[in-house]
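What follows is a single structure, written as structure tokens, with notes after it.
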Amino acid sequence: MRNKIIALMDNAVRTAIQRGLLPEISLPYIEVEIPGNPEHGDYASNVALILASPAKQNPRKIAEIIQSNLSDPENIIARTQIAGPGFLNFFIKENIWRQTLQFIEEKKENFGSSSMGNGKKVQVEFVSANPTGPLHIGHARGAVVGDVIANLLKTSGYDVSKEYYINDAGNQMNNLGKSVLLRYRELSGEKIEFPENCYRGDYIKDIANDVIKKDGKKYLTADDEQTIRHFTTIAGGVILDEIKDDLRDFGVNFDNYFSEKELYKNEGVARLLDSLQKKGFIYSDGETLWFKTTDYGDEKDRVVVRKNGEPTYFAADIAYHKNKYDSGFEMIVDIWGADHHGYMPRLWAGVQALGHDKDTLKIILVQLVNLLRGGVPVAMSTRSGEFVTLREVLDEVGKDAARYNFLMRRSDSHLDFDLEVAKQQSNENPVYYVQYAHARICSIIKMAQEKDMALPVYADINASLLCEPEEINLMKMMARYPETIYGAVRTLEPHRITFYLNELASLFHSYYNRNKVVSDDVKLTAARLFLVKTISIVLQNALKILGVNAPEKM
RNA sequence: GCGCCCAUGGCUCAGCUGGAUAGAGCGCCAGACUACGAAUCUGGAUGUCGCAAGUUCGAAUCUUGCUGGGCGCACCA
């Protein structure tokens, strides 16, 4: 709908220019918004105000010119008005809103989907935690944000691939193997000292125990370095499997798990660095190799090969991103913890050196989660192994409540996650508010069917019976759903969907309390049944994108 | 010290790439089931959008400075 208005405006301005009523000026992107105040119409545009300065004319005068050049071939506008300093307000005919009901019936689960992505290949990479321990609550937020962004892109016609990058080539993994070895020795009766950089969680002991059960004590006398490598592989595998299980139960599934080790095969990283050096992006100071990231606005140049000859994480990351582009992805979305923000200029520099536009790499920062229980902060310390895992959150509050709660804020703002509130089945928990609206509708429809009132199709109802202001508002709200999706995709901001859902559910609950859907009036009942049915479709579609269930009963 | 992000009612946050009278939820007060599910609804109170300048028809939104908080500044990942 909004797009239609934009097109009409665009046409009107062009026509006015052609007729010489307005000077030749380059057309700005026409902005059409939904005014907060209903007296200002269903849609409002400020083009006249924008054009006032370049056209050197009074904005109200311009608005009048545009207004008189508007043509409305589809006959959707009831009236227009010029208001304030030069706003052009549009009032849409009520019947047009009713048509959206028919549109929803046609589209069903595809209402809100579009082809704006045009099959563009996009990769969304997220979570990407080292397999050195179970996922905790901090990873959970990134997991949901990434998953929902992928869903949004998919529903908008992008060809999306979800990837988990396994950082399994660095020191951290070695420390993991070492930790297992230490616990192994301890369980075998040796006294050990546990260093700072090792992992203390109980899961390490479990893994060590399993090794003892399987292989006995034969590693006590083996070569340490070899054993650590072996234990690293075992532990990494076990932990990654657990991570996959946790994610699956959280509703997050990946298309691909990419191991950092892959990058080093066939001297991949070294060859890439070599070619970048030949192109002049990398220079040597005699001992180390430096990437000239300052050429692209970074604070300082960055090391890619250390004094000891080992490539840095950054070096591997350039290779990794080259691999992404080489795989045919035209747009790449990386989802990071916000504490990595300082790393952005570096990676953008790398991407540009590879010959890609900076804008093709979107980086979404996800802020920390403050975990609370009944308003009291829950102490978390990774070093000591005391943290609340994703698994524990899932067991305690459930998938739907957890996911929904993580999506209620912009991802770059801090989030308070209160376990007590999230598991409460009360009005403090917005996920139930929305799900309840859906369950209520299902219940109404079921009851109607029990009374032999079948769910009608649009062709069989008299939609003009839906004339209560609340009914028109519900239709307007539903007509906004595709626009909401569009906005969420454009900005990669999933939280817009939860805000939309809350508003739609609120309108419905309010409507429900004031008006009876099922009554003695057969025709009115049919029309209203159809209306609430379309609401349930929109609720389902939006919840599906969030990966949250739309239950028929609660 | 340098850089990035944030600052909106008592609390937690929206505010759609500059718009008209700044919005929700929670909490507080007062009400609504002999009607489709009260996990719901109706009404009420609450604001110098951190402070100060600037840009313009118009600023919570953009610029600069300041205050206060978070994070980052590795040859770690």
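A note on labels: chains of the structure tokens are A, B, ... as shown, every chain counts residues from 1, and ligands are counted from 1 in their shown order.
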
message = Can you pull out every residue from stretch 10-206 of chain A that DSSP, working from the backbone, puts in helix (DSSP H, G or I), and format the result as a PyMOL selection string?
response = chain A and resi 10-18+38-40+47-55+59-68+94-110+137-155+171-187+202-206

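Proximity to stretch 21-27 of chain B at 9 Å, evaluated using only C-alpha atoms (C1' of nucleotides) and with sequence-adjacent residues fewer than 4 positions away removed, yields A:Asn37, A:Glu428, A:Pro430, A:Phe499, A:Glu503, B:U8, B:G10, B:C11, B:U12, B:C13, B:A14, B:G15, B:G47, B:C49, B:A60.
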
request  = Tell me which protein, DNA and RNA residues are within 12 Å of A:Ile96, counting only C-alpha atoms (C1' of nucleotides), leaving out same-chain ones fewer than 4 positions away, and put them as a ChimeraX atom specification.
outcome  = /A:1,42,74-78,91-92,100-103,463-464,472,475-476,479

What are the nearest atom pairs, with distances in Å to one decimal, for all residues of chain A that come at most 7 Å from chain B, using only C-alpha atoms (C1' of nucleotides), set out by chain and rising residue number as JSON lines?
{"residue": "A:Gly84", "atom": "CA", "partner": "B:A20", "partner_atom": "C1'", "distance": 6.6}
{"residue": "A:Val303", "atom": "CA", "partner": "B:C75", "partner_atom": "C1'", "distance": 6.4}
{"residue": "A:Arg306", "atom": "CA", "partner": "B:C75", "partner_atom": "C1'", "distance": 4.5}
{"residue": "A:Lys307", "atom": "CA", "partner": "B:C75", "partner_atom": "C1'", "distance": 6.2}
{"residue": "A:Tyr313", "atom": "CA", "partner": "B:A77", "partner_atom": "C1'", "distance": 6.6}
{"residue": "A:Asp339", "atom": "CA", "partner": "B:C71", "partner_atom": "C1'", "distance": 5.7}
{"residue": "A:His341", "atom": "CA", "partner": "B:G72", "partner_atom": "C1'", "distance": 6.9}
{"residue": "A:Gly342", "atom": "CA", "partner": "B:G72", "partner_atom": "C1'", "distance": 5.4}
{"residue": "A:Gln425", "atom": "CA", "partner": "B:A39", "partner_atom": "C1'", "distance": 6.3}
{"residue": "A:Ser426", "atom": "CA", "partner": "B:A39", "partner_atom": "C1'", "distance": 5.4}
{"residue": "A:Asn427", "atom": "CA", "partner": "B:A39", "partner_atom": "C1'", "distance": 6.2}
{"residue": "A:Glu428", "atom": "CA", "partner": "B:C26", "partner_atom": "C1'", "distance": 6.8}
{"residue": "A:Tyr432", "atom": "CA", "partner": "B:A39", "partner_atom": "C1'", "distance": 6.4}
{"residue": "A:Tyr433", "atom": "CA", "partner": "B:A39", "partner_atom": "C1'", "distance": 6.7}
{"residue": "A:Tyr436", "atom": "CA", "partner": "B:A39", "partner_atom": "C1'", "distance": 6.6}
{"residue": "A:Arg440", "atom": "CA", "partner": "B:G37", "partner_atom": "C1'", "distance": 6.2}
{"residue": "A:Ile444", "atom": "CA", "partner": "B:C36", "partner_atom": "C1'", "distance": 5.3}
{"residue": "A:His509", "atom": "CA", "partner": "B:U40", "partner_atom": "C1'", "distance": 6.5}
{"residue": "A:Ser510", "atom": "CA", "partner": "B:C41", "partner_atom": "C1'", "distance": 6.0}
{"residue": "A:Asn513", "atom": "CA", "partner": "B:C41", "partner_atom": "C1'", "distance": 5.7}
{"residue": "A:Lys516", "atom": "CA", "partner": "B:C36", "partner_atom": "C1'", "distance": 6.8}
{"residue": "A:Val517", "atom": "CA", "partner": "B:C36", "partner_atom": "C1'", "distance": 6.5}
{"residue": "A:Val518", "atom": "CA", "partner": "B:C36", "partner_atom": "C1'", "distance": 5.8}

task = Mind checking which residues fall within 7 Å of A:Ser161, counting only C-alpha atoms (C1' of nucleotides), ignoring those fewer than 5 positions away in the same chain, and posting them as a ChimeraX atom specification?
result = /A:122-124,255

Can you write out the residues you just picked, keeping all heavy atoms, as an mmCIF file, in the first residue's frame?
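Saved result, out-v8.cif, follows:
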data_model
loop_
_atom_site.group_PDB
_atom_site.id
_atom_site.type_symbol
_atom_site.label_atom_id
_atom_site.label_comp_id
_atom_site.auth_asym_id
_atom_site.auth_seq_id
_atom_site.Cartn_x
_atom_site.Cartn_y
_atom_site.Cartn_z
ATOM 1 N N VAL A 122 22.942 -14.876 -0.157
ATOM 2 C CA VAL A 122 23.376 -14.253 1.090
ATOM 3 C C VAL A 122 23.814 -15.322 2.065
ATOM 4 O O VAL A 122 23.176 -16.368 2.189
ATOM 5 C CB VAL A 122 22.231 -13.466 1.764
ATOM 6 C CG1 VAL A 122 22.734 -12.738 2.996
ATOM 7 C CG2 VAL A 122 21.600 -12.501 0.806
ATOM 8 N N GLN A 123 24.912 -15.047 2.755
ATOM 9 C CA GLN A 123 25.303 -15.943 3.821
ATOM 10 C C GLN A 123 25.147 -15.220 5.154
ATOM 11 O O GLN A 123 25.584 -14.072 5.292
ATOM 12 C CB GLN A 123 26.757 -16.383 3.671
ATOM 13 C CG GLN A 123 27.138 -17.435 4.704
ATOM 14 C CD GLN A 123 28.626 -17.493 4.946
ATOM 15 O OE1 GLN A 123 29.240 -16.534 5.382
ATOM 16 N NE2 GLN A 123 29.224 -18.628 4.622
ATOM 17 N N VAL A 124 24.524 -15.877 6.092
ATOM 18 C CA VAL A 124 24.449 -15.332 7.443
ATOM 19 C C VAL A 124 25.289 -16.236 8.332
ATOM 20 O O VAL A 124 25.030 -17.434 8.435
ATOM 21 C CB VAL A 124 22.994 -15.295 7.960
ATOM 22 C CG1 VAL A 124 22.940 -14.636 9.334
ATOM 23 C CG2 VAL A 124 22.103 -14.543 6.981
ATOM 24 N N ASP A 255 23.034 -24.535 7.828
ATOM 25 C CA ASP A 255 23.228 -25.238 6.567
ATOM 26 C C ASP A 255 24.643 -25.784 6.481
ATOM 27 O O ASP A 255 24.906 -26.745 5.786
ATOM 28 C CB ASP A 255 22.972 -24.288 5.394
ATOM 29 C CG ASP A 255 21.554 -23.774 5.398
ATOM 30 O OD1 ASP A 255 20.630 -24.598 5.386
ATOM 31 O OD2 ASP A 255 21.369 -22.543 5.453
#

message = Applying 10 Å and only C-alpha atoms (C1' of nucleotides), which residues near A:Glu260 remain after dropping the ones on its own chain fewer than 5 positions away? List them as a count of residues only.
response = 12

request  = Please indicate the distance in Å from atom CA of A:Pro456 to atom CA of A:Asn541, rounded to one decimal place.
outcome  = 20.4 Å

message = Need the shell around A:Ile82: protein/DNA/RNA residues with any atom at most 10 Å away, counting only C-alpha atoms (C1' of nucleotides). Skip same-chain ones fewer than 4 positions apart. Format as a list in words?
response = His40, Ala44, Ser45, Ala48, Arg60, Lys61, Ala63, Glu64, Gln67, Gly86, Phe87, Leu88, Asn89 and Phe90 of chain A

Output for the residues just chosen: N, CA, C and O atoms as a short mmCIF file (atom, residue, chain, number, x, y, z; two decimals), in the first residue's frame:
data_model
loop_
_atom_site.label_atom_id
_atom_site.label_comp_id
_atom_site.auth_asym_id
_atom_site.auth_seq_id
_atom_site.Cartn_x
_atom_site.Cartn_y
_atom_site.Cartn_z
N HIS A 40 -4.34 12.87 10.54
CA HIS A 40 -3.43 13.21 9.45
C HIS A 40 -3.45 12.17 8.34
O HIS A 40 -2.53 12.11 7.53
N ALA A 44 1.10 9.89 4.93
CA ALA A 44 1.42 11.30 4.77
C ALA A 44 2.78 11.41 4.10
O ALA A 44 3.64 10.55 4.29
N SER A 45 2.92 12.44 3.30
CA SER A 45 4.20 12.63 2.64
C SER A 45 4.69 14.05 2.84
O SER A 45 3.91 15.00 2.92
N ALA A 48 6.62 17.84 -0.53
CA ALA A 48 6.51 19.26 -0.82
C ALA A 48 7.52 20.04 0.03
O ALA A 48 8.13 21.00 -0.44
N ARG A 60 3.58 24.80 0.67
CA ARG A 60 2.14 24.56 0.53
C ARG A 60 1.71 24.69 -0.93
O ARG A 60 0.85 23.96 -1.41
N LYS A 61 2.34 25.64 -1.62
CA LYS A 61 2.04 25.82 -3.04
C LYS A 61 2.43 24.55 -3.81
O LYS A 61 1.68 24.06 -4.65
N ALA A 63 2.71 21.57 -2.62
CA ALA A 63 1.78 20.51 -2.25
C ALA A 63 0.50 20.61 -3.08
O ALA A 63 -0.03 19.59 -3.55
N GLU A 64 0.04 21.83 -3.29
CA GLU A 64 -1.17 22.03 -4.10
C GLU A 64 -0.94 21.55 -5.53
O GLU A 64 -1.79 20.90 -6.13
N GLN A 67 -0.87 17.84 -5.55
CA GLN A 67 -2.22 17.34 -5.30
C GLN A 67 -3.06 17.39 -6.58
O GLN A 67 -3.75 16.43 -6.92
N GLY A 86 2.91 21.91 4.88
CA GLY A 86 2.88 21.44 3.50
C GLY A 86 2.85 19.93 3.39
O GLY A 86 3.25 19.37 2.37
N PHE A 87 2.37 19.29 4.42
CA PHE A 87 2.21 17.84 4.34
C PHE A 87 1.06 17.50 3.41
O PHE A 87 0.08 18.22 3.33
N LEU A 88 1.24 16.40 2.73
CA LEU A 88 0.18 15.91 1.86
C LEU A 88 -0.34 14.62 2.50
O LEU A 88 0.38 13.63 2.60
N ASN A 89 -1.59 14.69 2.97
CA ASN A 89 -2.14 13.53 3.69
C ASN A 89 -3.11 12.75 2.80
O ASN A 89 -3.91 13.34 2.09
N PHE A 90 -3.02 11.46 2.89
CA PHE A 90 -3.86 10.58 2.09
C PHE A 90 -4.81 9.79 2.97
O PHE A 90 -4.39 9.19 3.95
#

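Closest approach to A:Gln352 among A:Phe281, A:Glu330, A:Lys244, A:Tyr404: A:Phe281, based on only C-alpha atoms.
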